[in-house]
Structure formats: structure tokens, C-alpha cells
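> Let me give you the structure first, and then I'll get to my questions.
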Amino acid sequence: MADVVITLKDGQERRAPRGTRGLDFIREELGGGLHKSAAALLVNGTVKDLTYPLTEDAQVEVLTCDDPRGLEAFRHTSSHILAQAVQRLYKGTKLGIGPAIKDGYYYDFDPEVNFTPEDLEKIEAEMENIVREDLPVERQEMSRQEASDFFKSRGELYKVELIEDLPEDTPISCYRQGEFIDLCAGPHLPSTGRVKALSLLNLAGAYWRGSEKRPMLQRIYGTSFPKKALLQDYLNRLEEAKKRDHRRLGQELGLFTLHDAGPGFPLFHPKGMVIRNELEKFWREEHEKAGYQEIKTPLILNRSLWEQSGHWDHFRENMYFTKIDDADYAVKPMNCPGGMLVYKSTMHSYRDFPLKLAEMGTVHRHELSGTLHGLMRVRSFTQDDAHIFMLPSQIEAEVEAVIDLVDRFYRVFGFKYHVELSTKPEKAMGSNEMWERATAALEKVLVKKEMAYIINEGDGAFYGPKIDFHLEDSLQRTWQCGTIQLDFQMPEKFDLTYVGEDGEKHRPVMIHRVIYGAIERFFALLIEHYGGAFPLWLAPVQVVVLPITDRHHGYAREVARLFKDKRVRVEVDSRSEKMGYKIREAQVNKVPYMLIVGDREMAEDAVSLRKRAEGDLGSFKTREILERVLQEIEEKK
RNA sequence: GCCGACGUAGCUCAACUGGCAGAGCAGCUGAUUUGUAAUCAGCAGGUUGCGGGUUCGAGUCCCACCGUCGGCUCCA
């Protein structure tokens with residue numbers, strides 16, 4: 001039998017006996033330690049097991065854990081080890097699914113008794129045993145019937161359901177390691193001994209197939225790495241991330257608090273308000289430049305308005321209600337109906353378009369108690385909303401302009417973001433044609449701007465599809481912030497009109513959009529992004545003057561006055577404490593500029609500069625530092 | 001809303017199997033006059049989330065509720 005010709009990534013060709021397993025090929029032909037660090041193969045562009053037999057000439061690339069696809073196989077095998085350990089320790093536990101995810105893996109179980117955190121330790125110990133046993137992992141294909149019968153005989157009813165839902169033509173494969181066998185498409189590592197470092201992280205409930213109507217399973221999250229040191233790095237990073245948690249920093253820096261008196265209703269303290277106000281100030285400046293006009297609409301409006309807008313039918317379970325003089329009112333969950341009323345109050349001409357009405361609107365939404373999360377997910381929040389009324393022909397240009405505005409804002413803060421296109425949800429208003437037209441319009445702009453985006457099926461607003469902008473928190477969970485929603489519904493519902501060139505009345509098109517999203521959420525993300533060390537323009541206290549002894553207090557106040565006159569947020573720490581103490585406190589409070597003043601500085605009209613991040617920088621003329629501070633504030637660096 | 005864990009002073013945390021609620025930081029008072037990340041002393045601070053129950057006795061055990069945390073579902 002002739003050898004097969006294997007073409008490597010760099011174009012080199014190697015020969016191997018037909019049917020050689022990938023792993024053996026790597027060991028024989030490529031040498032080095034590669035067969036040890038390899039996790040999977042890429043054969044003609046498809047990811048395969050390392051045990052995959054090379055029966056044809058092929059392009060082959062070796063994937064290690066440095067490649068996401070290699071790491072995925074590694075983590076996926078880790079999840080099988082988890083499931084094997086659980087089934088050894090807790091007989092009768094049924095298996096759900098167990099995929100690799102970002103930073104690790106999970107497995108869903110239906111145990112006879114729910115797991116406790118102590119169980120995780122036992123399970124982890126058993127996983128270590130399985131790794132030590134170094135069980136070979138073998139792939140085997142089955143017919144649909146075989147697979148179904150097999151899992152039925154084991155009582156694995158969730159697996160049977162999965163098999164039944166697989167498309168007809170999909171080959172069904174299982175992976176076996178020791179006594180454990182799981183329905184799985186693979187690929188997997190060739191043996192369990194390759195998982196050198198693993199750890200279980202936490203325990204949570206998760207509905208079977210993500211549906212609240214299905215049983216709740218027990219999900220165990222874990223992670224694993226090819227080296228112990230990498231696992232330790234990861235655990236250290238988690239610890240570091242906890243220090244950036246906005247809930248912790250918000251408390252430590254005196255920015256906001258949350259109370260039992262109002263779950264999901266945050267209270268902003270003076271220092272938190274300074275930041276909020278700076279964010280709003282920046283927002284107003286930019287929106288004025290971009291041609292927006294600002295409005296303000298009421299917190300509470302009559303029921304009939306919400307019926308007209310469709311919220312009564314589509315959003316009621318998220319709304320709060322009240323009565324005024326025996327009539328039904330609702331607290332607004334969105335700003336759009338109020339915006340509609342403003343629009344309808346006067347006549348509009350096509351010449352006025354695009355008409356951009358912006359509103360810092362505080363909305364209330366009843367969110368499920370289990371979903372509340374610091375400032376990220378609250379029940380009362382302020383949206384930096386705007387409604388853009390326009391001609392159908394203006395849609396693309398306006399969507400593009402908003403995308404540019406979002407980018408302009410996020411850049412100032414140094415945020416990375418990703419974009420999603422959300423399509424028609426189940427509870428939607430309007431015809432399919434309308435939805436398709438609107439979705440296509442949004443997609444067209446994204447394509448034109450060459451933006452990477454993912455499709456978020458069924459996640460649109462009830463009145464239209466949307467482009468969402470997501471930011472990452474300190475644990476790399478993503479949160480939707482900016483959004484651009486195209487709406488053909490509200491103009492219809494509210495009978496909005498404009499007078500066209502032809503003198504006739506026409507229906508305008510509308511965009512709902514936010515840039516920050518919710519100020520609360522954006523603020524939370526900013527706290528985590530900066531780890532509480534805000535850039536100068538946002539810092540609640542920008543400059544603190546630290547007099548060395550009582551006889552320097554007068555001079556310290558003079559220095560502070562110079563800054564205050566230029567609207568710099570400055571404080572003087574005149575307590576009778578040592579310099580080390582005052583500096584430590586300013587440092588802990590993350591004040592960007594510390595100005596130390598003693599005899600030398602007094603004599604020279606100077607200050608000794610210490611910056612939060614750089615430490616002692618020596619003596620400078622006071623005026624020079626003032627200029628520097630003003631410039632840095634201006635540049636928003 | 002669902003699953004699990006947790007809830008002690010303003011904050012961070014102690015209190016062995018049920019046996020007198022305690023410390024550090026912050027706060028207040030006083031002393032100290034200080035040169036680049038914590039000066040010393042004293043004082044005050046609590047219906048142990050809320051409500052029931054078991055017990056001679058509950059922070060500790062049981063039940064229900066509220067809240068928080070991690071997820072699921074949902075969403076800015």
C-alpha cells in the first residue's frame with residue numbers, strides 16, 4: 001500500500017504509511033516535544049482527534065493549546081473527566097451537556113441529590129485520579145438506533161433527547177475513556193493524563209436546554225490548563241479581577257451604595273455624582289456638536305399611552321404601575337412614548353430631518369430578583385436616549401453616524417467592544433416584511449463599515465431589530481451598552497407625520513439609540529475598566545494639597561485656591577498627620593495629583609508633585625502644575 | 001422567577017461540638033508638628049437581616065420571608 005503524502009503548514013511534504021494515526025505521525029516525523037503538547041489536528045481545515053488515521057493525502061496542521069481549537073479539545077476532555085468523576089462518586093447521576101467554554105468548561109448533571117460545595121472537593125480529587133490513570137480516549141461511531149438504545153439502557157434520557165434532535169445525516173459518535181462513555185462530536189485529547197492542571201470553580205443551577213420550562217440541572221464549572229503554572233496564573237487573575245469589582249470599589253471609594261430598602265435602586269453619593277455629571281457633561285457637548293436637541297419627558301404617564309405604544313401588550317411584566325385620581329398610570333420603562341408626544345406636538349417638514357431628540361431619561365423596569373447585579377443590572381436606570389426621526393432614504397447615513405458616535409465615545413475611555421445584530425423576537429409587533437427590511441438595512445451598514453458582528457437571533461426589541469454594542473467587565477463577562485434600534489412601528493402607532501416636498505403628509509422612520517446605554521451600567525464598567533483609578537477629568541478629587549505642618553496650611557490654601565478658581569476639584573488635607581499617612585490615604589483614594597507643600601515650596605512659590613501612578617516627581621512652580629492639570633483635563637487622558 | 005451558598009458594629013472579619021457578642025480599619029476626644037503608602041492613647045459603636053419555632057439557654061439548630069453572591073432564564 002502506498003504511503004500518504006502529508007503537507008504541513010509551512011508547505012513541507014512528508015510521507016507516512018497509510019492509516020498512520022496523527023499522533024504517531026507527529027512523534028515519528030515532526031519530533032521535538034510536539035507530540036506531547038499537541039491537543040488536536042487540523043486535517044484539510046477540519047479539526048480532528050490526534051488519533052485520527054491519515055488514510056489520504058492531506059494538509060495537516062498540529063494544534064496545541066496555544067490555538068483556540070486545540071484548547072477547546074483540551075477543555076472538552078476536561079469536562080468528560082469531570083463527568084466521569086461525578087458518575088463514579090454519585091451513581092445514578094444523569095448527564096446533560098458538557099462543553100468547553102471561554103476560560104474553561106462545564107458539565108450539567110441531574111443528580112439524585114443536589115451537590116454541595118464540599119462535593120466539589122471530592123469530585124476534583126477523583127478527577128485527579130482519572131488524570132493519573134491516564135485512560136486512553138477512544139472515538140467510536142454508532143448508528144442512530146444503536147446510540148439511542150445504548151443511552152436508553154443506561155438511563156441517560158437527556159442524551160437520548162439529544163440524539164433524537166440531531167439532524168438525520170449527522171454521524172453519531174461517542175467517546176470512551178475507561179468505564180465512561182459519552183455522546184460527543186469531539187475532538188478529544190488521546191488520553192486523560194494530558195490534563196496536567198485542573199480546578200473546579202463553582203456550582204450553579206441551569207435549566208435543561210436553557211428553558212425555564214425544563215428541569216433545572218446542577219452545573220459544575222471548572223477550568224484546566226496544560227501546565228500547573230498557567231492554572232495558577234488564571235486563579236491569580238481571578239483574584240485580581242475581584243479587586244476591580246465595581247461593587248467593592250464603589251463602596252471603598254464612596255461612589256454609590258445599594259440597600260435592602262430598594263433592591264436594584266442604587267443611591268449615588270457625592271463622589272459618584274461627580275463622575276456621573278462629568279459623563280453627562282461630555283455627552284451633552286458631543287450631542288450638541290452632532291446636531292441633537294435635548295428634551296425631558298415625565299416619569300409617569302397615562303395607561304392609554306402605553307396601550308398605544310404597545311408596551312402594555314409587550315412589556316407589561318417589566319413595568320411598574322400606579323393610580324392617580326383613580327386612573328391607571330405607568331412608570332416609564334422606556335423613553336420613546338414621551339418622545340413621540342414631543343414630536344406630535346408640532347408640525348414637521350422633511351426639511352427638518354433628520355430630527356434628533358435626545359433625552360437623559362430615567363426608566364424603571366421590573367427585573368427578576370435573581371438577575372440584579374450591582375450597578376450593571378438594576379431596576380432604575382438612566383438611558384442616554386435619543387430618537388431620530390427621518391426619511392426612509394436617510395436610514396443608512398443616520399445609522400452610520402450613530403455607529404461613529406458610539407465609537408468616538410468608547411475610544412475616549414479606551415474600551416474594546418464587540419457588535420451584535422439582534423433579530424426579530426417571538427413577542428414582536430409588525431409584519432415579517434417590515435422586520436426583514438429593517439434588519440437588512442442595519443446589516444447593510446455593518447457590512448459597508450466592515451465591522452465584525454455576530455447575529456443574536458431573536459433578541460431584538462419588540463418594535464424592531466437592533467445593533468448592540470457590548471463591553472467587558474473585569475471578569476470578561478460582556479454587557480450590552482450602546483444600541484441602535486430601527487423602528488417602523490412607533491411612527492405607525494402614534495400616527496407620526498411630516499410634510500414632504502409634495503406638500504402631502506408622510507410617515508417618518510425612526511431610530512432609538514443610546515451610546516452609554518444606561519449611565520449606571522456604563523459607570524460600573526468604567527469603574528472596573530480603570531480599577532477605580534479614574535483619569536483626571538473624571539476623578540472625583542483631582543488634586544489634593546498636603547501641607548507638611550500647621551505653618552504650611554495658609555500656603556496650602558493659597559495653592560488650592562488657584563486650582564479651585566479654574567474649577568479643578570481640589571482638597572487640602574490639613575489634619576495633623578504625618579506625610580506618609582496623608583499620602584497613603586490619597587493613594588488609596590486614587591487621587592491623581594498630590595501636591596506636597598512645606599518650607600522649601602513656600603519659599604519658591606512651588607509644589608512638590610507626586611502622581612498616583614508615578615510617585616514622587618520633585619518640585620515644580622505651582623503655575624506650571626496648574627497648566628499641566630488643566631491641559632490633562634481638557635485632553636481627557 | 002429557578003438552583004446553590006451566604007447574611008455578626010459604617011467597612012473587613014472573629015466567636016470550639018448551643019453557654020457572658022469580639023478585633024482591626026473608619027468615627028469622636030486628646031496628645032504629637034510630622035518631607036513621599038498607616039504616630040500614640042482614650043472613648044463610643046450591636047434587638048447578630050426580619051419573623052416564628054426547638055431549648056434551662058440560640059449568632060450557632062429548624063421553618064418561613066427579605067436581601068446579597070455565583071449561575072440559569074431575561075435584559076440597558
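Each chain in the C-alpha cells gets a letter, A, B and so on, in the order shown; residues start at 1 in every chain, and ligands are counted from 1 in the order they appear.
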Counting only C-alpha atoms (C1' of nucleotides), which residues from chain A have an atom at most 8 Å from any atom of chain B, and could you show them as an NGL selection string?
:A and (116 or 202-207 or 210-212 or 216-218 or 260 or 263 or 367-371 or 383 or 480-482 or 517-518 or 521 or 548-550 or 576-581 or 583-585 or 587 or 598 or 610 or 615-616)
> Find the residues around segment 220-236 of chain A up to 7 Å (only C-alpha atoms (C1' of nucleotides) counted), leave out those fewer than 4 positions away in its own chain, and share them as a PyMOL selection string.
chain A and resi 75+78+103-108+195-204+240
> Nearest to Ala586 of chain A: which of A:Gly264, A:Pro540, A:Pro270, A:Gly618 is it, counting only C-alpha atoms?
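The answer is A:Pro540, which sits nearest to Ala586 of chain A.
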> Identify, with DSSP run on backbone atoms, the residues in segment 133-248 of chain A assigned to strand (DSSP E or B), and express the list as an MDAnalysis selection string.
chainID A and resid 136:142 172:177 180:183 191 197:207 216:225
> Based on the backbone DSSP call, show me all residues of segment 406-461 of chain A assigned helix (DSSP H, G or I), as a list in words.
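For segment 406-461 of chain A, the helix (DSSP H, G or I) set is Val406, Asp407, Arg408, Phe409, Tyr410, Arg411, Val412, Phe413, Asn432, Glu433, Met434, Trp435, Glu436, Arg437, Ala438, Thr439, Ala440, Ala441, Leu442, Glu443, Lys444, Val445, Leu446, Val447 and Lys448 of chain A.
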> Could you work out how far atom CA of Ile519 of chain A lies from atom CA of Asn318 of chain A, giving the answer in Å with one decimal?
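Separation between atom CA of Asn318 of chain A and atom CA of Ile519 of chain A: 19.4 Å.
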> Find the residue from A:Gly254, A:Gly414, A:Pro215, A:Pro187 that sits nearest to Asn589 of chain A; use only C-alpha atoms when measuring.
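The shortest atom-to-atom distance to Asn589 of chain A comes from A:Gly254.
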> Would you mind listing what lies within 12 Å of Pro298 of chain A as a list in words, with only C-alpha atoms (C1' of nucleotides) counted and same-chain residues fewer than 6 positions away left out?
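That gives Tyr329, Ala330, Val331, Lys332, Pro333, Met334, Asn335, Cys336, Pro337, Gly338, Gly339, Leu341, Val342, Glu359, Met360, Gly361, Thr362 and Val363 of chain A.
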> The selected residues should be written to file as a compact mmCIF listing (two decimals), in the first residue's frame (atoms: all heavy atoms).

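Saved as again.txt:
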# COMPACT_ATOMS: atom_id res chain seq x y z
N TYR A 329 -51.92 54.65 35.70
CA TYR A 329 -50.70 55.23 35.11
C TYR A 329 -49.58 54.19 35.19
O TYR A 329 -49.66 53.24 35.96
CB TYR A 329 -50.28 56.47 35.90
CG TYR A 329 -51.09 57.70 35.53
CD1 TYR A 329 -52.39 57.85 36.00
CD2 TYR A 329 -50.55 58.69 34.70
CE1 TYR A 329 -53.15 58.96 35.66
CE2 TYR A 329 -51.30 59.80 34.36
CZ TYR A 329 -52.60 59.94 34.84
OH TYR A 329 -53.34 61.03 34.50
N ALA A 330 -48.54 54.38 34.38
CA ALA A 330 -47.38 53.50 34.45
C ALA A 330 -46.13 54.35 34.58
O ALA A 330 -46.04 55.44 34.03
CB ALA A 330 -47.29 52.62 33.20
N VAL A 331 -45.16 53.83 35.33
CA VAL A 331 -43.84 54.45 35.41
C VAL A 331 -43.11 54.04 34.14
O VAL A 331 -43.13 52.86 33.78
CB VAL A 331 -43.08 53.95 36.64
CG1 VAL A 331 -41.71 54.61 36.75
CG2 VAL A 331 -43.90 54.20 37.91
N LYS A 332 -42.49 54.98 33.46
CA LYS A 332 -41.97 54.63 32.14
C LYS A 332 -40.82 53.62 32.20
O LYS A 332 -39.88 53.79 32.96
CB LYS A 332 -41.53 55.88 31.36
CG LYS A 332 -40.33 56.63 31.92
CD LYS A 332 -39.94 57.78 30.97
CE LYS A 332 -38.89 58.69 31.57
NZ LYS A 332 -38.56 59.83 30.70
N PRO A 333 -40.92 52.58 31.36
CA PRO A 333 -39.82 51.61 31.23
C PRO A 333 -38.95 51.99 30.04
O PRO A 333 -37.88 51.43 29.84
CB PRO A 333 -40.55 50.30 30.97
CG PRO A 333 -41.77 50.71 30.19
CD PRO A 333 -42.13 52.12 30.64
N MET A 334 -39.44 52.89 29.21
CA MET A 334 -38.70 53.37 28.04
C MET A 334 -39.08 54.83 27.83
O MET A 334 -40.13 55.27 28.29
CB MET A 334 -39.06 52.57 26.78
CG MET A 334 -38.59 51.12 26.81
SD MET A 334 -38.81 50.33 25.22
CE MET A 334 -38.62 48.60 25.69
N ASN A 335 -38.24 55.53 27.09
CA ASN A 335 -38.47 56.95 26.88
C ASN A 335 -39.23 57.28 25.60
O ASN A 335 -39.66 58.40 25.41
CB ASN A 335 -37.13 57.70 26.85
CG ASN A 335 -36.38 57.54 28.16
OD1 ASN A 335 -36.89 57.87 29.22
ND2 ASN A 335 -35.16 57.00 28.08
N CYS A 336 -39.38 56.26 24.74
CA CYS A 336 -39.89 56.58 23.41
C CYS A 336 -41.29 57.19 23.38
O CYS A 336 -41.50 58.18 22.67
CB CYS A 336 -39.77 55.39 22.46
SG CYS A 336 -39.93 53.77 23.19
N PRO A 337 -42.28 56.66 24.16
CA PRO A 337 -43.60 57.26 24.03
C PRO A 337 -43.61 58.76 24.36
O PRO A 337 -44.28 59.54 23.69
CB PRO A 337 -44.45 56.46 25.02
CG PRO A 337 -43.77 55.13 25.05
CD PRO A 337 -42.31 55.45 25.00
N GLY A 338 -42.85 59.15 25.37
CA GLY A 338 -42.74 60.57 25.69
C GLY A 338 -42.16 61.34 24.51
O GLY A 338 -42.62 62.43 24.17
N GLY A 339 -41.17 60.75 23.89
CA GLY A 339 -40.55 61.38 22.71
C GLY A 339 -41.55 61.54 21.58
O GLY A 339 -41.55 62.55 20.87
N LEU A 341 -44.72 62.01 21.92
CA LEU A 341 -45.61 63.13 22.25
C LEU A 341 -44.96 64.46 21.90
O LEU A 341 -45.61 65.36 21.39
CB LEU A 341 -45.98 63.10 23.74
CG LEU A 341 -46.80 61.89 24.20
CD1 LEU A 341 -47.13 62.02 25.68
CD2 LEU A 341 -48.08 61.76 23.37
N VAL A 342 -43.65 64.55 22.17
CA VAL A 342 -42.95 65.78 21.82
C VAL A 342 -43.00 65.98 20.30
O VAL A 342 -43.32 67.06 19.81
CB VAL A 342 -41.48 65.75 22.31
CG1 VAL A 342 -40.71 66.96 21.78
CG2 VAL A 342 -41.43 65.74 23.84
N GLU A 359 -32.60 62.52 25.10
CA GLU A 359 -33.13 62.63 26.46
C GLU A 359 -32.34 61.76 27.43
O GLU A 359 -32.20 60.57 27.22
CB GLU A 359 -34.60 62.18 26.48
CG GLU A 359 -35.14 62.07 27.90
CD GLU A 359 -36.63 61.78 27.99
OE1 GLU A 359 -37.21 61.33 26.99
OE2 GLU A 359 -37.19 62.01 29.08
N MET A 360 -31.85 62.39 28.50
CA MET A 360 -31.30 61.62 29.61
C MET A 360 -32.51 61.16 30.41
O MET A 360 -33.01 61.89 31.28
CB MET A 360 -30.43 62.52 30.50
CG MET A 360 -29.01 62.64 30.06
SD MET A 360 -28.10 61.11 30.39
CE MET A 360 -26.57 61.51 29.54
N GLY A 361 -33.02 60.01 30.08
CA GLY A 361 -34.30 59.60 30.65
C GLY A 361 -34.16 58.47 31.64
O GLY A 361 -33.61 57.42 31.33
N THR A 362 -34.68 58.70 32.85
CA THR A 362 -34.62 57.65 33.87
C THR A 362 -35.83 56.74 33.71
O THR A 362 -36.96 57.20 33.71
CB THR A 362 -34.62 58.27 35.27
OG1 THR A 362 -33.48 59.11 35.38
CG2 THR A 362 -34.56 57.19 36.34
N VAL A 363 -35.55 55.46 33.54
CA VAL A 363 -36.63 54.49 33.36
C VAL A 363 -36.61 53.47 34.50
O VAL A 363 -35.59 53.29 35.15
CB VAL A 363 -36.51 53.76 32.00
CG1 VAL A 363 -36.61 54.73 30.86
CG2 VAL A 363 -35.20 52.97 31.92
> Got a sec: who's within 12 Å of Arg557 of chain A, counting only C-alpha atoms (C1' of nucleotides), leaving out chain neighbours fewer than 2 positions off, as JSON, numbers by chain?
{"A": [544, 545, 546, 547, 550, 551, 552, 553, 554, 555, 559, 560, 561, 562, 563, 564, 565, 570, 571, 572, 573, 574, 595, 596, 597, 602]}
> Pick out the residues sitting within 12 Å of segment 21-29 of chain B, and hand them over as a PyMOL selection string; count only C-alpha atoms (C1' of nucleotides), and ignore anything fewer than 4 positions along from it in its own chain.
(chain A and resi 252+585) or (chain B and resi 8-15+38+41-46+48+59-60)
